[in-house]
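A.B. asks: upload.cif is reproduced below (mmCIF, C-alpha atoms).
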data_work
loop_
_atom_site.group_PDB
_atom_site.id
_atom_site.type_symbol
_atom_site.label_atom_id
_atom_site.label_comp_id
_atom_site.auth_asym_id
_atom_site.auth_seq_id
_atom_site.Cartn_x
_atom_site.Cartn_y
_atom_site.Cartn_z
ATOM 1 C CA MET A 20 53.059 131.490 124.823
ATOM 2 C CA SER A 21 49.639 133.127 124.613
ATOM 3 C CA THR A 22 48.646 135.574 121.863
ATOM 4 C CA ALA A 23 48.152 138.292 124.476
ATOM 5 C CA THR A 24 51.706 137.835 125.703
ATOM 6 C CA LYS A 25 53.077 137.970 122.167
ATOM 7 C CA ASP A 26 51.075 141.102 121.359
ATOM 8 C CA THR A 27 52.650 142.988 124.249
ATOM 9 C CA LYS A 28 55.963 142.828 122.377
ATOM 10 C CA ILE A 29 54.524 144.641 119.368
ATOM 11 C CA PRO A 30 55.279 148.383 119.379
ATOM 12 C CA THR A 31 52.059 150.347 119.850
ATOM 13 C CA ILE A 32 52.469 152.309 116.632
ATOM 14 C CA LEU A 33 52.763 149.052 114.695
ATOM 15 C CA LYS A 34 49.603 147.652 116.287
ATOM 16 C CA ILE A 35 47.738 150.514 114.595
ATOM 17 C CA TRP A 36 49.260 149.735 111.200
ATOM 18 C CA ILE A 37 48.632 146.017 111.611
ATOM 19 C CA GLY A 38 45.006 146.667 112.558
ATOM 20 C CA LEU A 39 44.494 148.854 109.490
ATOM 21 C CA TYR A 40 46.097 146.244 107.255
ATOM 22 C CA ARG A 41 44.061 143.356 108.659
ATOM 23 C CA SER A 42 40.803 145.302 108.325
ATOM 24 C CA SER A 43 41.396 145.991 104.638
ATOM 25 C CA PRO A 44 39.979 143.613 101.999
ATOM 26 C CA LYS A 45 42.660 141.707 100.139
ATOM 27 C CA ILE A 46 43.276 141.359 96.411
ATOM 28 C CA TYR A 47 46.693 139.886 95.670
ATOM 29 C CA LEU A 48 48.915 140.299 92.662
ATOM 30 C CA PRO A 49 48.822 136.971 90.770
ATOM 31 C CA GLY A 50 51.271 134.445 92.178
ATOM 32 C CA THR A 51 52.205 136.598 95.176
ATOM 33 C CA ASP A 52 50.949 137.605 98.619
ATOM 34 C CA ILE A 53 51.234 141.310 97.736
ATOM 35 C CA ASP A 54 47.900 142.971 98.424
ATOM 36 C CA ILE A 55 46.994 145.943 96.223
ATOM 37 C CA VAL A 56 43.815 147.085 97.986
ATOM 38 C CA PHE A 57 45.633 148.639 100.948
ATOM 39 C CA SER A 58 47.778 150.707 98.577
ATOM 40 C CA LEU A 59 44.758 151.818 96.544
ATOM 41 C CA ARG A 60 42.855 152.780 99.703
ATOM 42 C CA SER A 61 45.879 154.736 100.895
ATOM 43 C CA ALA A 62 46.053 156.496 97.525
ATOM 44 C CA PHE A 63 42.363 157.423 97.804
ATOM 45 C CA VAL A 64 42.780 158.824 101.328
ATOM 46 C CA LEU A 65 45.832 160.857 100.345
ATOM 47 C CA SER A 66 44.083 162.173 97.221
ATOM 48 C CA SER A 67 41.150 163.250 99.364
ATOM 49 C CA LEU A 68 43.518 164.986 101.800
ATOM 50 C CA ARG A 69 45.149 166.878 98.938
ATOM 51 C CA ILE A 70 41.793 168.172 97.723
ATOM 52 C CA ILE A 71 40.724 169.078 101.270
ATOM 53 C CA PHE A 72 43.966 170.961 101.908
ATOM 54 C CA ARG A 73 43.537 172.890 98.675
ATOM 55 C CA HIS A 74 40.069 174.085 99.657
ATOM 56 C CA VAL A 75 41.228 174.918 103.181
ATOM 57 C CA LEU A 76 43.910 177.144 101.661
ATOM 58 C CA TYR A 77 41.296 178.767 99.422
ATOM 59 C CA TYR A 78 39.200 179.411 102.527
ATOM 60 C CA PHE A 79 42.113 181.209 104.196
ATOM 61 C CA GLY A 80 42.595 183.486 101.220
ATOM 62 C CA TRP A 81 45.062 181.680 98.984
ATOM 63 C CA ASP A 82 44.519 182.336 95.274
ATOM 64 C CA GLN A 83 43.465 179.669 92.807
ATOM 65 C CA SER A 84 46.887 179.194 91.274
ATOM 66 C CA THR A 85 49.486 176.492 90.789
ATOM 67 C CA ASP A 86 51.191 177.732 93.980
ATOM 68 C CA THR A 87 48.149 176.740 96.038
ATOM 69 C CA ILE A 88 47.960 173.364 94.300
ATOM 70 C CA PHE A 89 51.657 172.840 95.052
ATOM 71 C CA ALA A 90 51.204 173.848 98.709
ATOM 72 C CA SER A 91 48.332 171.388 99.132
ATOM 73 C CA ALA A 92 50.578 168.645 97.746
ATOM 74 C CA CYS A 93 53.276 169.624 100.258
ATOM 75 C CA LEU A 94 50.814 169.479 103.156
ATOM 76 C CA THR A 95 49.763 165.992 102.059
ATOM 77 C CA SER A 96 53.401 164.964 101.870
ATOM 78 C CA ILE A 97 53.887 166.191 105.444
ATOM 79 C CA CYS A 98 51.044 163.918 106.562
ATOM 80 C CA HIS A 99 52.504 160.971 104.648
ATOM 81 C CA SER A 100 56.007 161.360 106.085
ATOM 82 C CA SER A 101 54.788 162.078 109.618
ATOM 83 C CA LEU A 102 52.699 158.910 109.604
ATOM 84 C CA LEU A 103 55.331 156.753 107.931
ATOM 85 C CA LEU A 104 58.453 157.682 109.907
ATOM 86 C CA PRO A 105 57.408 156.453 113.389
ATOM 87 C CA GLY A 106 56.302 153.126 111.920
ATOM 88 C CA LEU A 107 59.535 152.679 109.979
ATOM 89 C CA LEU A 108 61.607 153.482 113.061
ATOM 90 C CA ALA A 109 59.685 150.931 115.119
ATOM 91 C CA MET A 110 60.225 148.317 112.416
ATOM 92 C CA LEU A 111 63.958 148.972 112.128
ATOM 93 C CA LEU A 112 64.404 148.773 115.903
ATOM 94 C CA SER A 113 62.239 145.705 116.493
ATOM 95 C CA GLN A 114 64.338 143.191 114.529
ATOM 96 C CA LYS A 115 68.041 142.584 113.926
ATOM 97 C CA TYR A 116 69.238 145.046 111.292
ATOM 98 C CA VAL A 117 70.202 142.985 108.250
ATOM 99 C CA PRO A 118 69.230 144.749 104.991
ATOM 100 C CA SER A 119 69.024 141.477 103.042
ATOM 101 C CA ALA A 120 67.132 139.540 105.747
ATOM 102 C CA LYS A 121 64.404 137.076 104.779
ATOM 103 C CA LEU A 122 60.878 138.057 105.684
ATOM 104 C CA GLN A 123 59.951 134.513 106.765
ATOM 105 C CA ASP A 124 62.448 134.714 109.627
ATOM 106 C CA SER A 125 60.341 137.448 111.277
ATOM 107 C CA PRO A 126 57.136 136.983 113.308
ATOM 108 C CA GLN A 127 53.769 137.227 111.570
ATOM 109 C CA TRP A 128 52.919 140.603 113.096
ATOM 110 C CA TYR A 129 56.152 142.020 111.705
ATOM 111 C CA GLN A 130 55.350 140.694 108.244
ATOM 112 C CA GLU A 131 51.918 142.304 108.322
ATOM 113 C CA ALA A 132 53.335 145.607 109.566
ATOM 114 C CA MET A 133 55.893 145.545 106.740
ATOM 115 C CA HIS A 134 53.161 144.993 104.150
ATOM 116 C CA ALA A 135 51.155 147.838 105.690
ATOM 117 C CA LEU A 136 53.994 150.382 105.692
ATOM 118 C CA LEU A 137 55.342 149.521 102.243
ATOM 119 C CA GLY A 138 51.779 149.326 100.951
ATOM 120 C CA PHE A 139 51.033 152.780 102.363
ATOM 121 C CA CYS A 140 54.160 154.244 100.776
ATOM 122 C CA THR A 141 53.247 152.553 97.484
ATOM 123 C CA GLY A 142 49.834 154.188 97.809
ATOM 124 C CA TYR A 143 51.552 157.561 98.150
ATOM 125 C CA MET A 144 53.499 156.959 94.946
ATOM 126 C CA ILE A 145 50.291 155.998 93.119
ATOM 127 C CA TYR A 146 48.382 158.992 94.487
ATOM 128 C CA ASP A 147 51.112 161.550 93.748
ATOM 129 C CA SER A 148 51.704 160.179 90.255
ATOM 130 C CA PHE A 149 48.001 160.322 89.409
ATOM 131 C CA MET A 150 47.143 163.637 91.063
ATOM 132 C CA GLY A 151 50.354 165.494 90.273
ATOM 133 C CA TYR A 152 51.186 164.212 86.827
ATOM 134 C CA VAL A 153 47.793 163.365 85.354
ATOM 135 C CA VAL A 154 44.924 165.253 87.014
ATOM 136 C CA GLU A 155 46.669 168.528 87.839
ATOM 137 C CA ALA A 156 48.882 168.450 84.746
ATOM 138 C CA TRP A 157 45.976 167.828 82.372
ATOM 139 C CA GLN A 158 45.322 170.322 79.607
ATOM 140 C CA PRO A 159 42.044 169.977 77.678
ATOM 141 C CA GLY A 160 42.591 168.614 74.201
ATOM 142 C CA VAL A 161 46.239 167.865 74.922
ATOM 143 C CA GLY A 162 46.422 165.612 77.963
ATOM 144 C CA PRO A 163 48.987 165.759 80.781
ATOM 145 C CA VAL A 164 51.802 168.227 80.077
ATOM 146 C CA LEU A 165 54.926 167.427 82.078
ATOM 147 C CA SER A 166 58.175 169.326 82.555
ATOM 148 C CA GLY A 167 61.609 167.745 82.808
ATOM 149 C CA ASP A 168 61.397 167.818 86.606
ATOM 150 C CA ASP A 169 57.957 166.200 86.453
ATOM 151 C CA TRP A 170 59.343 163.279 84.465
ATOM 152 C CA MET A 171 62.207 162.946 86.968
ATOM 153 C CA PHE A 172 59.839 162.758 89.952
ATOM 154 C CA LEU A 173 57.529 160.376 88.095
ATOM 155 C CA GLY A 174 60.517 158.139 87.373
ATOM 156 C CA HIS A 175 61.456 158.273 91.066
ATOM 157 C CA HIS A 176 57.943 157.163 92.030
ATOM 158 C CA ILE A 177 57.977 154.270 89.566
ATOM 159 C CA LEU A 178 61.421 153.031 90.620
ATOM 160 C CA THR A 179 60.601 153.348 94.326
ATOM 161 C CA THR A 180 57.418 151.349 93.795
ATOM 162 C CA LEU A 181 59.361 148.665 91.920
ATOM 163 C CA TYR A 182 61.925 148.461 94.746
ATOM 164 C CA MET A 183 59.280 148.050 97.446
ATOM 165 C CA THR A 184 57.145 145.639 95.430
ATOM 166 C CA SER A 185 60.050 143.427 94.353
ATOM 167 C CA SER A 186 61.311 143.141 97.946
ATOM 168 C CA ARG A 187 57.844 141.998 98.980
ATOM 169 C CA TRP A 188 57.781 139.603 96.034
ATOM 170 C CA VAL A 189 61.069 137.833 96.888
ATOM 171 C CA LYS A 190 60.289 138.141 100.620
ATOM 172 C CA ALA A 191 63.714 139.557 101.382
ATOM 173 C CA GLY A 192 65.473 142.914 101.266
ATOM 174 C CA HIS A 193 62.509 144.696 102.827
ATOM 175 C CA ILE A 194 64.760 146.049 105.599
ATOM 176 C CA SER A 195 66.965 147.696 102.982
ATOM 177 C CA ALA A 196 63.884 149.364 101.516
ATOM 178 C CA MET A 197 62.713 150.596 104.924
ATOM 179 C CA ALA A 198 66.178 151.872 105.884
ATOM 180 C CA LEU A 199 66.441 153.863 102.663
ATOM 181 C CA MET A 200 62.885 155.135 103.072
ATOM 182 C CA TYR A 201 63.511 156.261 106.640
ATOM 183 C CA ASN A 202 66.702 158.063 105.713
ATOM 184 C CA GLY A 203 65.085 159.681 102.679
ATOM 185 C CA GLU A 204 61.884 160.729 104.415
ATOM 186 C CA PHE A 205 63.490 162.045 107.605
ATOM 187 C CA SER A 206 63.923 165.585 106.280
ATOM 188 C CA ALA A 207 60.712 165.538 104.231
ATOM 189 C CA PRO A 208 58.320 167.102 106.796
ATOM 190 C CA ILE A 209 60.442 170.188 107.468
ATOM 191 C CA MET A 210 61.356 170.408 103.776
ATOM 192 C CA ASN A 211 57.695 170.600 102.834
ATOM 193 C CA VAL A 212 57.036 173.160 105.572
ATOM 194 C CA HIS A 213 59.776 175.188 103.875
ATOM 195 C CA PHE A 214 57.960 174.954 100.534
ATOM 196 C CA VAL A 215 54.591 175.897 102.045
ATOM 197 C CA LEU A 216 56.058 178.953 103.804
ATOM 198 C CA GLU A 217 57.812 179.957 100.581
ATOM 199 C CA LYS A 218 54.514 179.897 98.675
ATOM 200 C CA ALA A 219 52.657 181.594 101.532
ATOM 201 C CA MET A 220 54.914 184.645 101.285
ATOM 202 C CA GLU A 221 53.745 185.124 97.707
ATOM 203 C CA GLN A 222 50.071 185.219 98.690
ATOM 204 C CA ASP A 223 48.266 188.562 99.037
ATOM 205 C CA CYS A 224 46.520 187.347 102.194
ATOM 206 C CA TYR A 225 49.880 187.257 104.007
ATOM 207 C CA LYS A 226 51.383 190.523 102.724
ATOM 208 C CA GLY A 227 51.010 192.128 106.143
ATOM 209 C CA ALA A 228 52.342 189.165 108.107
ATOM 210 C CA THR A 229 55.701 190.542 109.228
ATOM 211 C CA TRP A 230 56.432 187.351 111.171
ATOM 212 C CA LEU A 231 56.257 185.143 108.082
ATOM 213 C CA PRO A 232 59.638 186.031 106.497
ATOM 214 C CA THR A 233 61.345 185.491 109.857
ATOM 215 C CA LEU A 234 59.668 182.118 110.296
ATOM 216 C CA PHE A 235 60.594 181.173 106.740
ATOM 217 C CA THR A 236 64.229 182.166 107.247
ATOM 218 C CA TYR A 237 64.725 180.134 110.407
ATOM 219 C CA ASN A 238 62.819 177.148 109.025
ATOM 220 C CA GLU A 239 65.042 177.309 105.947
ATOM 221 C CA GLN A 240 68.120 177.261 108.179
ATOM 222 C CA VAL A 241 66.917 174.273 110.204
ATOM 223 C CA PHE A 242 65.877 172.411 107.069
ATOM 224 C CA SER A 243 69.236 173.078 105.378
ATOM 225 C CA LEU A 244 71.152 171.828 108.411
ATOM 226 C CA LEU A 245 69.002 168.710 108.717
ATOM 227 C CA TYR A 246 69.231 167.979 104.992
ATOM 228 C CA ILE A 247 73.031 168.221 105.055
ATOM 229 C CA ILE A 248 73.203 165.894 108.074
ATOM 230 C CA CYS A 249 70.928 163.340 106.381
ATOM 231 C CA ARG A 250 72.428 163.478 102.895
ATOM 232 C CA VAL A 251 76.109 164.072 103.648
ATOM 233 C CA LEU A 252 76.805 162.561 107.071
ATOM 234 C CA VAL A 253 74.289 159.706 107.221
ATOM 235 C CA SER A 254 73.032 158.707 103.781
ATOM 236 C CA PRO A 255 76.337 157.554 102.202
ATOM 237 C CA PHE A 256 76.959 155.197 105.118
ATOM 238 C CA VAL A 257 73.404 153.826 105.065
ATOM 239 C CA ILE A 258 73.473 153.248 101.307
ATOM 240 C CA GLY A 259 77.031 151.913 101.455
ATOM 241 C CA HIS A 260 76.108 149.340 104.089
ATOM 242 C CA VAL A 261 72.952 148.355 102.202
ATOM 243 C CA THR A 262 75.039 147.935 99.031
ATOM 244 C CA TYR A 263 77.633 145.763 100.794
ATOM 245 C CA ASP A 264 75.028 143.610 102.481
ATOM 246 C CA LEU A 265 72.960 143.033 99.323
ATOM 247 C CA LEU A 266 75.857 142.382 96.939
ATOM 248 C CA ILE A 267 78.205 140.480 99.264
ATOM 249 C CA ARG A 268 76.471 138.947 102.271
ATOM 250 C CA GLY A 269 72.891 138.717 101.097
ATOM 251 C CA ARG A 270 73.154 136.740 97.870
ATOM 252 C CA LYS A 271 71.399 133.724 99.407
ATOM 253 C CA ASN A 272 68.384 135.843 100.331
ATOM 254 C CA VAL A 273 68.068 138.342 97.483
ATOM 255 C CA PRO A 274 68.897 137.257 93.907
ATOM 256 C CA LEU A 275 72.067 138.994 92.754
ATOM 257 C CA TRP A 276 70.419 140.272 89.573
ATOM 258 C CA LEU A 277 67.717 141.971 91.656
ATOM 259 C CA SER A 278 70.251 143.529 94.035
ATOM 260 C CA ILE A 279 72.123 144.906 91.022
ATOM 261 C CA CYS A 280 68.852 146.367 89.704
ATOM 262 C CA TRP A 281 68.297 148.019 93.082
ATOM 263 C CA MET A 282 71.688 149.762 93.068
ATOM 264 C CA PRO A 283 70.752 152.642 90.699
ATOM 265 C CA MET A 284 67.670 153.234 92.843
ATOM 266 C CA CYS A 285 69.816 153.315 96.009
ATOM 267 C CA TRP A 286 72.522 155.619 94.708
ATOM 268 C CA GLY A 287 70.472 157.618 92.215
ATOM 269 C CA VAL A 288 68.676 159.545 94.947
ATOM 270 C CA GLN A 289 71.977 160.275 96.679
ATOM 271 C CA PHE A 290 73.645 161.669 93.578
ATOM 272 C CA GLY A 291 70.442 163.454 92.625
ATOM 273 C CA SER A 292 70.543 165.301 95.945
ATOM 274 C CA ILE A 293 73.945 166.906 95.244
ATOM 275 C CA PRO A 294 72.502 170.179 93.845
ATOM 276 C CA TRP A 295 70.263 170.457 96.915
ATOM 277 C CA ILE A 296 73.257 169.829 99.178
ATOM 278 C CA TYR A 297 75.132 172.748 97.628
ATOM 279 C CA THR A 298 72.030 174.945 97.900
ATOM 280 C CA CYS A 299 71.674 174.088 101.600
ATOM 281 C CA ILE A 300 75.353 174.774 102.250
ATOM 282 C CA ASP A 301 75.025 178.215 100.636
ATOM 283 C CA THR A 302 71.845 178.872 102.612
ATOM 284 C CA LEU A 303 73.638 178.141 105.874
ATOM 285 C CA LYS A 304 76.664 180.234 104.913
ATOM 286 C CA ASN A 305 74.499 183.252 104.136
ATOM 287 C CA GLY A 306 71.888 182.731 106.843
ATOM 288 C CA PRO A 307 71.347 184.041 110.370
ATOM 289 C CA LEU A 308 72.736 180.957 112.108
ATOM 290 C CA MET A 309 76.213 181.963 110.909
ATOM 291 C CA ASN A 310 75.688 185.684 110.587
ATOM 292 C CA GLY A 311 74.326 186.901 113.893
ATOM 293 C CA GLY A 312 70.552 186.633 113.588
ATOM 294 C CA VAL A 313 67.716 187.991 111.511
ATOM 295 C CA GLY A 314 65.923 191.300 111.411
ATOM 296 C CA ALA A 315 62.378 191.905 112.585
ATOM 297 C CA HIS A 316 61.042 191.501 109.040
ATOM 298 C CA GLY A 317 63.175 188.583 108.046
ATOM 299 C CA GLU A 318 66.025 190.521 106.460
ATOM 300 C CA LEU A 319 69.426 188.908 106.726
#
What do you get writing this file as structure tokens?

C.D. replies:
Amino acid sequence: MSTATKDTKIPTILKIWIGLYRSSPKIYLPGTDIDIVFSLRSAFVLSSLRIIFRHVLYYFGWDQSTDTIFASACLTSICHSSLLLPGLLAMLLSQKYVPSAKLQDSPQWYQEAMHALLGFCTGYMIYDSFMGYVVEAWQPGVGPVLSGDDWMFLGHHILTTLYMTSSRWVKAGHISAMALMYNGEFSAPIMNVHFVLEKAMEQDCYKGATWLPTLFTYNEQVFSLLYIICRVLVSPFVIGHVTYDLLIRGRKNVPLWLSICWMPMCWGVQFGSIPWIYTCIDTLKNGPLMNGGVGAHGEL
């Protein structure tokens, strides 16, 4: 079969990722085929976006405060999730869904697309850790000052990076990583829109925007509903199936000790989302979707 014929089977969105990955110089971690340059380039691009977004917000009248810095981080996260999700969906639909599957059993284009997507997400973890918990948390003469929540998110980034990197290292379990990523990132764009709108309402430049509270209220309702669907109705089944496949069926592909190490990473996010689940349930109970609409200025 010709290369042209084979290429027609590659989803278009993945052709873009594969092209980006192939065009990037390669420096591999010793003893592996895990390239680090693509992740570092992704981190640089995302860092640049964060700075650009911050100055765009300044241009539109946002004040030079931590709220604006936070909003610029949210806008960058929206870009990350919006780029990542279509690629992950294409990957999960293009091969048989077996969380513990070996990478070598997939075609070369699929392997390159996997390295590109997981490398891009790794780049996001590097960028957000450096920008959010070093650069923007730096205090002269003291160094980075982190809150309890900061340490929690930093730990999440480190563990997520270890999960993705170790699956690439053993060349198996990458589908489990992508399934968890897709499920976790699905509500991220609208969640970050929620955060941006929340911060926008506190800005003086939007004090006269009577439409903003209404937009915020309905976005909050949609986000809460989507988050509950993802975390209550879908996530336990996704994580449960991944757990069963890795610990029972997939021992020949993924070392058991590594699967056991992955379990806290799988379930930790789910249990960590419980407070948010309760918040979203309360938001829906008290919101316009269950209480007959919203006023002209966003009042419930």

A.B. asks: Would you kindly translate the PyMOL selection byres ((chain A and resi 30-38) around 12) into the concrete residues it picks from this file, as a PyMOL selection string?

C.D. replies: chain A and resi 25-29+39-43+57+61+102-114+127-139

A.B. asks: Can you turn the PyMOL selection byres ((chain A and resi 191-198) around 7) into a concrete residue list for this file, as a VMD selection string?

C.D. replies: chain A and resid 107 117 to 122 183 186 to 187 189 to 190 199 to 202 261 272 to 273

A.B. asks: Identify all residues satisfying the PyMOL selection byres ((chain A and resi 250) around 12) in the given file; provide them as number ranges by chain.

C.D. replies: A: 199, 202-207, 242-249, 251-258, 286, 288-297, 299-300

A.B. asks: With distances taken over only C-alpha atoms, which of A:Asn310, A:Ser91, A:Tyr116, A:Gly80 is nearest to Asp264 (chain A)?

C.D. replies: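 Ranking A:Asn310, A:Ser91, A:Tyr116, A:Gly80 by distance to Asp264 (chain A), first place goes to A:Tyr116.
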
A.B. asks: Which one is closest to Gly259 (chain A): A:Trp230, A:Cys93, A:Cys285, A:Phe235? Count all atoms listed in the file.

C.D. replies: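 Of A:Trp230, A:Cys93, A:Cys285, A:Phe235, the one nearest Gly259 (chain A), counting all atoms listed in the file, is A:Cys285.
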
A.B. asks: Provide the CA of Met220 (chain A) to CA of Thr236 (chain A) distance in Å, to one decimal place.

C.D. replies: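 According to the coordinates, CA of Met220 (chain A) and CA of Thr236 (chain A) are separated by 11.3 Å.
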
A.B. asks: Using CA of Ser84 (chain A) and CA of Cys98 (chain A) as the two end points, give the distance in Å to one decimal.

C.D. replies: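 Between these atoms lies a distance of 22.0 Å.
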
A.B. asks: Write out as JSON, numbers by chain which residues come within 12 Å of region 154-170 of chain A when counting all atoms listed in the file, dropping same-chain ones fewer than 3 positions away.

C.D. replies: {"A": [66, 69, 70, 84, 85, 86, 87, 88, 89, 91, 92, 146, 147, 148, 149, 150, 151, 173, 174, 175, 176, 177, 291]}

A.B. asks: Give me, please, the distance in Å between CA of Cys280 (chain A) and CA of Thr262 (chain A), quoted to one decimal.

C.D. replies: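 Distance reported for this atom pair: 11.3 Å.
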
A.B. asks: My structure is short of atoms at region 27-45 of chain A; please model N, CA, C and O atoms there, returning them as a PDB file, keeping the file's coordinate frame.

C.D. replies:
ATOM      1  N   THR A  27      52.065 141.934 123.433  1.00  0.00           N
ATOM      2  CA  THR A  27      52.650 142.988 124.249  1.00  0.00           C
ATOM      3  C   THR A  27      54.028 143.390 123.738  1.00  0.00           C
ATOM      4  O   THR A  27      54.524 144.454 124.070  1.00  0.00           O
ATOM      5  N   LYS A  28      54.656 142.531 122.918  1.00  0.00           N
ATOM      6  CA  LYS A  28      55.963 142.828 122.377  1.00  0.00           C
ATOM      7  C   LYS A  28      55.875 143.676 121.104  1.00  0.00           C
ATOM      8  O   LYS A  28      56.898 144.121 120.597  1.00  0.00           O
ATOM      9  N   ILE A  29      54.698 143.867 120.586  1.00  0.00           N
ATOM     10  CA  ILE A  29      54.524 144.641 119.368  1.00  0.00           C
ATOM     11  C   ILE A  29      54.485 146.123 119.726  1.00  0.00           C
ATOM     12  O   ILE A  29      53.685 146.534 120.568  1.00  0.00           O
ATOM     13  N   PRO A  30      55.342 146.939 119.121  1.00  0.00           N
ATOM     14  CA  PRO A  30      55.279 148.383 119.379  1.00  0.00           C
ATOM     15  C   PRO A  30      53.883 148.917 119.102  1.00  0.00           C
ATOM     16  O   PRO A  30      53.223 148.513 118.142  1.00  0.00           O
ATOM     17  N   THR A  31      53.434 149.835 119.949  1.00  0.00           N
ATOM     18  CA  THR A  31      52.059 150.347 119.850  1.00  0.00           C
ATOM     19  C   THR A  31      51.765 150.929 118.478  1.00  0.00           C
ATOM     20  O   THR A  31      50.701 150.685 117.908  1.00  0.00           O
ATOM     21  N   ILE A  32      52.710 151.686 117.925  1.00  0.00           N
ATOM     22  CA  ILE A  32      52.469 152.309 116.632  1.00  0.00           C
ATOM     23  C   ILE A  32      52.252 151.258 115.553  1.00  0.00           C
ATOM     24  O   ILE A  32      51.461 151.455 114.614  1.00  0.00           O
ATOM     25  N   LEU A  33      52.922 150.111 115.686  1.00  0.00           N
ATOM     26  CA  LEU A  33      52.763 149.052 114.695  1.00  0.00           C
ATOM     27  C   LEU A  33      51.438 148.315 114.861  1.00  0.00           C
ATOM     28  O   LEU A  33      50.895 147.788 113.881  1.00  0.00           O
ATOM     29  N   LYS A  34      50.921 148.268 116.089  1.00  0.00           N
ATOM     30  CA  LYS A  34      49.603 147.652 116.287  1.00  0.00           C
ATOM     31  C   LYS A  34      48.540 148.390 115.477  1.00  0.00           C
ATOM     32  O   LYS A  34      47.613 147.781 114.940  1.00  0.00           O
ATOM     33  N   ILE A  35      48.690 149.713 115.380  1.00  0.00           N
ATOM     34  CA  ILE A  35      47.738 150.514 114.595  1.00  0.00           C
ATOM     35  C   ILE A  35      47.836 150.150 113.121  1.00  0.00           C
ATOM     36  O   ILE A  35      46.827 149.919 112.448  1.00  0.00           O
ATOM     37  N   TRP A  36      49.066 150.084 112.607  1.00  0.00           N
ATOM     38  CA  TRP A  36      49.260 149.735 111.200  1.00  0.00           C
ATOM     39  C   TRP A  36      48.775 148.326 110.906  1.00  0.00           C
ATOM     40  O   TRP A  36      48.140 148.078 109.865  1.00  0.00           O
ATOM     41  N   ILE A  37      49.062 147.404 111.807  1.00  0.00           N
ATOM     42  CA  ILE A  37      48.632 146.017 111.611  1.00  0.00           C
ATOM     43  C   ILE A  37      47.113 145.936 111.601  1.00  0.00           C
ATOM     44  O   ILE A  37      46.508 145.237 110.776  1.00  0.00           O
ATOM     45  N   GLY A  38      46.467 146.660 112.516  1.00  0.00           N
ATOM     46  CA  GLY A  38      45.006 146.667 112.558  1.00  0.00           C
ATOM     47  C   GLY A  38      44.405 147.211 111.273  1.00  0.00           C
ATOM     48  O   GLY A  38      43.418 146.668 110.753  1.00  0.00           O
ATOM     49  N   LEU A  39      44.984 148.286 110.749  1.00  0.00           N
ATOM     50  CA  LEU A  39      44.494 148.854 109.490  1.00  0.00           C
ATOM     51  C   LEU A  39      44.674 147.872 108.340  1.00  0.00           C
ATOM     52  O   LEU A  39      43.791 147.716 107.483  1.00  0.00           O
ATOM     53  N   TYR A  40      45.821 147.190 108.341  1.00  0.00           N
ATOM     54  CA  TYR A  40      46.097 146.244 107.255  1.00  0.00           C
ATOM     55  C   TYR A  40      45.161 145.042 107.328  1.00  0.00           C
ATOM     56  O   TYR A  40      44.626 144.599 106.301  1.00  0.00           O
ATOM     57  N   ARG A  41      44.937 144.525 108.517  1.00  0.00           N
ATOM     58  CA  ARG A  41      44.061 143.356 108.659  1.00  0.00           C
ATOM     59  C   ARG A  41      42.613 143.676 108.317  1.00  0.00           C
ATOM     60  O   ARG A  41      41.883 142.816 107.827  1.00  0.00           O
ATOM     61  N   SER A  42      42.203 144.929 108.572  1.00  0.00           N
ATOM     62  CA  SER A  42      40.803 145.302 108.325  1.00  0.00           C
ATOM     63  C   SER A  42      40.524 145.585 106.859  1.00  0.00           C
ATOM     64  O   SER A  42      39.361 145.712 106.468  1.00  0.00           O
ATOM     65  N   SER A  43      41.571 145.672 106.053  1.00  0.00           N
ATOM     66  CA  SER A  43      41.396 145.991 104.638  1.00  0.00           C
ATOM     67  C   SER A  43      41.121 144.720 103.832  1.00  0.00           C
ATOM     68  O   SER A  43      41.777 143.695 104.059  1.00  0.00           O
ATOM     69  N   PRO A  44      40.167 144.765 102.899  1.00  0.00           N
ATOM     70  CA  PRO A  44      39.979 143.613 101.999  1.00  0.00           C
ATOM     71  C   PRO A  44      41.262 143.323 101.236  1.00  0.00           C
ATOM     72  O   PRO A  44      42.096 144.204 101.051  1.00  0.00           O
ATOM     73  N   LYS A  45      41.425 142.104 100.796  1.00  0.00           N
ATOM     74  CA  LYS A  45      42.660 141.707 100.139  1.00  0.00           C
ATOM     75  C   LYS A  45      42.409 141.261  98.695  1.00  0.00           C
ATOM     76  O   LYS A  45      41.548 140.431  98.430  1.00  0.00           O
TER      77      LYS A  45
END
